[in-house]
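**Student:** Structure provided below as structure tokens; questions to follow.
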Amino acid sequence: MMRQKQSWKTNFSHPLFLPRICSQEEVVIPYAYDNDSGSVDLELSNLETIKKGSSSIELTDLDIPDIPGLHCEPLSDSPRHLTRQDPLNEAIVDKLIQSIQRGFSGELKGELEKLTFLGSLSSLSRALPYDETTESFIHSHIADIVHTLNVLVQEERPHSLSSLVRQEVFVTIADLSYQDVHLLFGSEDRAELFSLVIKSIITLPSVRTLTQIQEIMPNGTCNTECLYRQTFQAFSEMLQSLVVKDPYLENLDTIIKHLDPWLQSVKDHERERAMASMTQVLKCLSRHLNLKLPLRFQRLGHLVALMALLCGDPQENVAEEAAESIHYLLHITLRLKYIIHDKKNQQNLKRALTKCREFLELYSSAAKCFYSCPFRIAQVFEGFLDSNELCQFIMTTFDTLKNLNHPCIQRSAGELLLTLAKNAESRFEKATDALYEVFLGNRLRAATFRLFPQLLMTLLIQIHHSIGLTMSDVDIPSGLYTEQEVSSEVTPLCFAMQATKTLLLRTCCLQEFNIMEKNKGWALLGGKDCHLQGVFLLANALLERNRLLAQKVMYLLVPFLNRGNDKHKLTSAGFFVELLRSPVAKRLPSIYSVARFKDWLQDGNHLFRILGLRGLYNLVGHQEMREDIKSLLPYIVDSLRETDKKIVLSAIQILLQLVRTMDFTTLAAMMRTLFSLFGDVRPDVHRFSMTLFGAAIKSVKNPDKKSVEKQVLDSLVPLLLYSQDENDSVAEESRRVLTICAQFLKWKLPQEVYSKDPWHIKPTEAGTICRFFEKKCKGKINILEQTLIYSKNPKLSVRRSAVLFVGLLSKYMDHNELRRMGTDRIEDDLRELLCDPEPSLCIITSQTLLLVQMASAEPKPKQRVNWLQKLMGRSSA
């Protein structure tokens with residue numbers, strides 16, 4: 001549609017420089033339908049007129065007559081792309097280039113400046129065919145153009161439509177595309193721009209909401225609904241320009257990739273816009289398709305399955321557009337396969353055309369029925385695929401049906417596989433047998449091995465989805481089982497588990513099967529709370545016994561991790577992180593590993609945080625990866641504060657590997673966090689937090705030692721008291737780390753510290769330890785006050801040792817200092833313990849209380865010796 005000229009003035013008077021603006025009088029419908037969606041009479045005679053024996057690599061629409069009913073009328077391109085323009089003079093070109101360069105330098109502050117920049121770029125693009133200066137400028141500044149357009153789109157308000165900039169960005173991209181300057185295909189920054197421009201239009205509020213916003217907050221004379229429709233029209237034309245100027249199936253894959261999340265959006269207006277856009281792309285491609293060999297279309301099965309399910313969408317517009325998209329997709333597929341394969345086998349083509357006619361009759365009579373039988377749509381497309389293509393089609397179709405959150409998925413996926421296996425034509429035997437034998441016996445080993453990674457992950461994900469389901473939760477295809485065949489013990493999980501076992505056995509993964517069986521891996525895999533443990537076990541078994549196959553699975557999973565719901569992603573992620581122990585994992589770009597784990601560490605699902613840490617731990621074993629992992633140290637240290645035990649322990653494991661390479665700031669912050677974990681009720685957390693604390697002390701460089709001395713001194717009392725812990729591993733680790741602290745402080749600990757006997761049965765040794773620490777800590781830390789804190793510890797062994805140590809300190813420290821400190825609070829705390837149900841603690845508390853009272857009253861400690869020995873009936877050493 002021709003846009004009206006904008007009314008505001010510009011410095012450029014050349015007729016090519018005609019910026020566009022929305023008119024209140026002009027209402028552009030964003031998507032309209034041609035009357036070509038009715039029943040199509042597919043007569044073989046209409047296709048047999050193709051010239052035979054053509055060997056040309058480049059095949060165009062001129063080589064293929066169209067299917068009746070799918071008329072290829074020319075696309076109504078805007079006249080600005082079809083009409084030859086007068087050349088721009090040198091002065092105009094210079095002014096346009098200067099205007100664009102100002103935009104590159106970041107001078108686009110207001111709407112007028114932005115529109116001027118976009119208008120200049122569009123105008124200059126039309127001089128590309130005949131002006132070398134323009135061509136050189138444009139092609140040398142592609143990166144600048146992409147960056148600036150990216151900024152302009154990002155600066156647009158995401159939830160309102162109040163300016164023309166968004167619309168003009170789409171127009172500019174289309175203008176450049178028609179001049180073979182493709183800004184949305186190729187490099188990563190172009191892909192990001194493509195994703196952004198799609199999001200900017202799809203995620204706008206519904207038209208009704210936009211109109212309501214304008215009524216509440218009027219912002220000018222431009223009609224919001226009109227502006228929206230103009231903008232959507234520009235967006236649709238931009239997508240069409242990509243197809244018109246580059247009509248290859250590889251680019252369709254890219255477009256589908258960007259539109260796919262929006263086709264599955266839970267918001268009706270987003271799904272409707274995405275569906276309308278997809279329909280226009282397929283419609284345009286069906287008219288302009290360039291048959292350039294070799295043909296690559298990886299997402300055929302995915303798109304067919306998705307469109308089939310959307311035929312039953314509750315939004316009428318979406319359902320109708322989906323049915324129309326299948327119409328165009330069938331048109332594309334039929335023409336491709338006829339020209340490439342089916343000329344050699346007219347009988348197969350007849351059968352395919354029969355299915356196609358049945359499909360179109362079904363479409364014409366009741367499009368809604370596709371909702372209940374999407375596998376029938378897939379069957380039609382089977383007729384045009386050879387065996388290798390059919391394998392890929394089956395997997396992508398099945399994967400899409402299974403992973404979309406849709407009520408007919410279980411039945412449809414099952415029916416599709418059964419139909420393919422039992423009712424396929426003879427020429428598809430190799431492909432269908434490959435899947436059939438995976439589940440029922442497997443004779444074709446080559447095909448099975450080729451599909452092993454996809455099949456294994458699909459089955460593991462299906463296991464996760466089936467946990468807890470009964471047969472009443474899924475629909476069984478009619479006639480598949482008699483009532484007698486389905487016992488109460490049969491569940492969807494049972495089918496998925498048996499299929500997985502069969503896959504391993506028939507692909508000679510016998511040792512992996514044995515490892516799973518010996519370690520109760522099948523029970524783990526099918527458990528609600530231990531599914532990931534089963535996934536870890538199987539992944540490790542595969543990596544240990546069949547490294548090459550494990551690596552193939554790992555590479556498959558790189559793009560697989562972002563698909564599906566949380567169950568899908570968790571199973572895939574669990575398998576992936578275990579395979580990172582493989583030496584080839586270090587070859588993965590960090591964007592697929594470290595960068596991904598950064599996102600997982602901040603995920604709201606604690607299982608993803610566990611997997612992120614597990615993945616980092618496996619990567620840290622590769623020295624080449626450690627520098628990248630160090631960038632995530634703040635996130636890993638933060639994980640020490642988590643409540644989940646697995647997260648804390650995983651973080652400690654990683655930090656132990658990196659502690660020697662930490663900068664001092666990170667090291668000090670980590671030590672403070674670790675100190676708070678001393679005494680954690682979870683023995684493993686307590687023990688390993690001390691281990692990491694000791695490793696951190698060893699890692700402190702000489703210039704920084706003075707800065708952490710206070711932290712080390714503060715750790716002495718808890719380490720000393722936890723050396724009396726009832727858990728032997730915690731007590732042993734406390735003594736080991738206490739030794740590290742002493743070495744840091746250049747102290748030599750008395751041998752009594754290493755005794756494994758409790759202090760209360762060897763009070764002489766306890767006295768020696770007390771005298772040593774009282775002397776060393778004097779004037780540095782208040783050891784008595786720190787010890788008193790632990791008299792309330794929930795563990796009896798620690799509580800008893802703390803009370804005993806308070807008594808010994810009262811005995812050996814300067815009594816004048818004790819009186820200056822005051823003993824009232826000490827006595828109050830001790831009196832509370834006199835009622836403790838443990839007799840040994842009550843007795844020791846009573847004696848300690850007496851000793852504190854005497855010390856506060858009498859300056860001479862020599863009169864009170866061996867009180868504990870006498871109390872316990874022992875002689876002094």
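Just so we're on the same page: first chain in the structure tokens is A, next is B, and so on; residues restart at 1 for each chain, and ligands are numbered from 1 in the order they show up.
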With a distance cut-off of 12 Å and only C-alpha atoms, select the neighbouring residues of stretch 738-740 of chain A, excluding the residue or stretch itself and same-chain residues fewer than 4 positions from it, and output the selection as a ChimeraX atom specification.
**Tutor:** /A:690-700,712-723,731-734,744-751,753-754,773
**Student:** At a cut-off of 9 Å, using only C-alpha atoms, what residues contact A:Met497? Leave out same-chain residues fewer than 4 positions from it and give the result as a VMD selection string.
**Tutor:** chain A and resid 459 to 460 462 to 463 492 to 493 501 to 502 522 525 to 526
**Student:** Write out as a list in words the residues lying within 12 Å of A:Pro589, counting only C-alpha atoms and excluding same-chain residues fewer than 6 positions away.
**Tutor:**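 The filter keeps Tyr555, Val558, Ala595, Arg596, Glu624, Met625 and Asp628 of chain A.
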**Student:** Grab the residues selected above and save them as a CSV table (one decimal), in the first residue's frame with N, CA, C and O atoms.
**Tutor:**
chain,number,residue,atom,x,y,z
A,555,TYR,N,26.4,-32.4,22.0
A,555,TYR,CA,26.3,-31.4,21.0
A,555,TYR,C,24.8,-31.2,20.6
A,555,TYR,O,24.4,-30.1,20.3
A,558,VAL,N,23.1,-28.7,23.1
A,558,VAL,CA,23.4,-27.3,23.1
A,558,VAL,C,22.3,-26.4,22.7
A,558,VAL,O,21.9,-25.5,23.4
A,595,ALA,N,28.0,-18.7,30.3
A,595,ALA,CA,27.0,-17.7,30.2
A,595,ALA,C,25.6,-18.2,30.6
A,595,ALA,O,24.8,-17.6,31.2
A,596,ARG,N,25.4,-19.5,30.1
A,596,ARG,CA,24.1,-20.1,30.4
A,596,ARG,C,24.0,-20.4,31.9
A,596,ARG,O,22.9,-20.2,32.5
A,624,GLU,N,41.4,-24.7,31.1
A,624,GLU,CA,41.2,-23.7,30.1
A,624,GLU,C,39.9,-22.9,30.4
A,624,GLU,O,39.7,-21.8,29.9
A,625,MET,N,39.0,-23.5,31.2
A,625,MET,CA,37.7,-22.8,31.4
A,625,MET,C,37.7,-22.0,32.7
A,625,MET,O,36.8,-21.2,33.0
A,628,ASP,N,37.1,-18.1,32.6
A,628,ASP,CA,35.7,-17.7,32.3
A,628,ASP,C,34.9,-17.9,33.5
A,628,ASP,O,34.0,-17.1,33.8
**Student:** Which of these residues is nearest to A:Leu524, using only C-alpha atoms: A:Ala541, A:Leu152, A:His258, A:His464?
**Tutor:** A:His464
**Student:** Tell me, as a list in words, which residues lie within 10 Å of A:Leu263, counting only C-alpha atoms; anything in the same chain fewer than 5 positions away does not count.
**Tutor:**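 Final neighbour list, sorted by chain and number: Ile256, His258, Asp268, Glu270, Arg271, Glu272, Arg273, Ala274, Met275, Ala276, Ser277, Met278, Leu306, Met307, Leu310 and Val318 of chain A.
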**Student:** Please provide as number ranges by chain all residues within 12 Å of A:Ala550, with the sequence filter that same-chain residues fewer than 3 positions apart are discarded (counting only C-alpha atoms).
**Tutor:** A: 452-454, 456-457, 509, 512, 538-547, 553-557, 575-585
**Student:** Report the residues of stretch 602-653 of chain A whose backbone DSSP state falls under helix (DSSP H, G or I), written as a count of residues only.
**Tutor:** 41
